[in-house]
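A quick write-up on the structure given underneath.
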Amino acid sequence: MATSTASSISLSLNDRLVAGIFALLIGAFLVFGAGLANSAVLHDTAHDTRHSYGFPCH
Amino acid sequence: MIVKTLLAAIVAGLIAGVFMTAAQEMRVVPLILHAEEYEGEAPMADQPATQEPAAADHDQHSSLNGTSPLGALVSALSPVTPAYAHEHEGEHEEGGIMFGLSRFSGTLLANLVTGAGFSLLLAGVSLVIGYPITLANGALWGAFGWLAVHLLPAIGLPPELPGFPAAELGDRQVWWSATVLLSAVGLYLLALRPELVAKIVGLALIAAPQIYGAPQPLDISSNVPAVLGAEFAVAALATTLAFWLVLGVVSGFINDRFAKAR
């Protein structure tokens with residue numbers, strides 16, 4: 001199943017890994033920024049979100 | 001193709017983020033606002049730092065002295081929890097919502113960013129381990145994401161309301177991040193690897209941070225009623241579960257559409 005779908009969206013193994021790692025890096029960056037970053041402005045903007053998602057918050 | 005794959009994940013995350021905002025406004029935000037009334041009569045996020053009430057300023061200073069033994073004693077005896085004091089410490093260094101947004105817009109923005117972030121993480125895991133997210137298995141993907149990011153860390157660090165006592169922020173963030181990572185790897189080994197050894201290692205990885213234990217506050221007294229805390233914990237876990245289910249299913253739907261379009 002894995003290989004059939006991967007080929008149907010024409011991603012080679014190498015492309016897939018590159019895309020996957022890229023996605024992980026950007027995703028981690030976004031989640032860190034919204035959820036964990038120790039900045040007062042980010043904290044206040046994301047305050048309710050941080051609490052709702054159960055991120056450790058102040 | 002890489003860009004398309006990432007865009008698909010981002011779109012799914014934005015949709016889930018919008019959904020999450022609606023769910024939060026209904027179930028979670030009212031509880032946060034209610035808890036903030038007990039937090040010291042200082043509704044924080046919707047007023048700039050300069051308009052802090054004098055009481056909050058005073059608390060702030062008692063927490064700043066927390067490094068000296070006397071200060072530690074004062075803050076230990078103080079009804080103001082470390083969590084509360086810390087929040088205002090953060091606010092003092094130029095807080096306020098970015099771009100002058102309203103509180104709701106700030107939450108919406110943060111939900112969109114968080115949704116896209118989690119969606120990219122989910123897609124990234126899927127790409128790296130080679131199990132595509134489809135419409136058929138999207139809900140399962142979402143459920144596992146929720147287990148790894150919310151339920152398992154919540155065993156040690158339940159979703160907390162403003163004003164709840166809590167240990168040092170940095171310690172909790174490290175424990176939380178490590179638990180999410182270990183739980184995700186553990187769930188992968190447990191659910192997707194056929195080998196018996198992998199399943200045992202997976203269970204061990206999931207259990208390890210729980211056995212190690214989350215950082216706990218020394219003083220658990222709080223002004224916030226426990227009933228609110230219980231309602232909030234359930235509401236937070238329920239809305240995040242809904243968020244992950246939507247995220248998984250929408251991701252699968254978009255992936256399927258992509259696959260068919262080829």
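By convention here, the chains of the structure tokens are called A, B, ... in the order presented, each chain's residues are numbered starting at 1, and ligands are numbered starting at 1 in the order presented.
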Exercise for the section: Give me the residues within 12 Å of Phe22 (chain A) as a ChimeraX atom specification, counting only C-alpha atoms and dropping any in the same chain fewer than 2 places off. Expected result: /A:15-20,24-29 /B:2-3,5-7,9,117,120-125,127-128
Taking only C-alpha atoms into account and nothing else, which residues of chain A lie no more than 7 Å away from chain B? Please answer as a PDB file with C-alpha atoms, in the first residue's frame.
ATOM      1  CA  ALA A   2       2.786   2.353   0.891  1.00  0.00           C
ATOM      2  CA  THR A   5       0.329   5.335  -3.259  1.00  0.00           C
ATOM      3  CA  SER A   8       0.843   7.267  -7.731  1.00  0.00           C
ATOM      4  CA  ILE A   9       1.757  10.703  -6.439  1.00  0.00           C
ATOM      5  CA  ARG A  16       9.768  11.398  -0.137  1.00  0.00           C
ATOM      6  CA  LEU A  17      12.437  11.553   2.543  1.00  0.00           C
ATOM      7  CA  ALA A  19       9.787  16.204   1.629  1.00  0.00           C
ATOM      8  CA  GLY A  20       9.193  14.375   4.908  1.00  0.00           C
ATOM      9  CA  ILE A  21      12.167  15.868   6.706  1.00  0.00           C
ATOM     10  CA  ALA A  23       7.783  18.965   6.553  1.00  0.00           C
ATOM     11  CA  LEU A  24       8.986  17.844   9.968  1.00  0.00           C
ATOM     12  CA  ILE A  26       8.788  23.430   9.202  1.00  0.00           C
ATOM     13  CA  GLY A  27       6.091  21.792  11.310  1.00  0.00           C
ATOM     14  CA  ALA A  28       8.315  21.685  14.383  1.00  0.00           C
ATOM     15  CA  LEU A  30       5.588  26.416  13.602  1.00  0.00           C
ATOM     16  CA  VAL A  31       4.501  24.381  16.603  1.00  0.00           C
ATOM     17  CA  ALA A  34       2.997  29.014  18.533  1.00  0.00           C
ATOM     18  CA  ALA A  40       6.047  37.657  25.561  1.00  0.00           C
ATOM     19  CA  VAL A  41       4.356  38.742  22.329  1.00  0.00           C
ATOM     20  CA  ASP A  44       0.118  36.665  24.664  1.00  0.00           C
ATOM     21  CA  THR A  45      -1.053  36.175  21.099  1.00  0.00           C
ATOM     22  CA  ALA A  46      -1.214  32.408  21.435  1.00  0.00           C
ATOM     23  CA  ASP A  48      -5.691  30.730  24.717  1.00  0.00           C
ATOM     24  CA  THR A  49      -4.356  28.364  22.088  1.00  0.00           C
ATOM     25  CA  HIS A  51      -3.840  26.534  27.158  1.00  0.00           C
ATOM     26  CA  SER A  52      -6.343  24.735  24.951  1.00  0.00           C
ATOM     27  CA  TYR A  53      -3.707  22.498  23.439  1.00  0.00           C
ATOM     28  CA  GLY A  54      -2.237  21.731  26.824  1.00  0.00           C
ATOM     29  CA  PRO A  56       3.100  23.930  29.114  1.00  0.00           C
ATOM     30  CA  CYS A  57       2.328  27.627  29.592  1.00  0.00           C
ATOM     31  CA  HIS A  58       3.524  30.203  32.127  1.00  0.00           C
TER      32      HIS A  58
END
Practice task
Give the helix (DSSP H, G or I) residues of region 136-192 of chain B, as assigned by DSSP on the backbone, as an MDAnalysis selection string.
Solution key: chainID B and resid 138:156 169:192
Handout entry: Residue with smallest distance to Tyr38 (chain B) - pool B:Ala143, B:Val224, B:Leu218, B:Val18, counting only C-alpha atoms
Key = B:Val224
Exercise for the section: Please identify all polymer residues within 9 Å of Gly138 (chain B), counting only C-alpha atoms, omitting same-chain residues fewer than 6 positions from it, and present them as a PyMOL selection string. Expected result: chain B and resi 245-253
Problem - Separation of CA of Ala178 (chain B) from CA of Ala214 (chain B) in Å - result: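 For CA of Ala214 (chain B) relative to CA of Ala178 (chain B), the distance reads 10.5 Å.
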Fill in the blank from the handout: What separates CA of Gly186 (chain B) and CA of Leu205 (chain B) is a distance of 5.2 Å
Problem - CA of Ala23 (chain B) to CA of Trp146 (chain B), straight-line distance in Å - result: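 Going from CA of Trp146 (chain B) over to CA of Ala23 (chain B), I get 15.6 Å.
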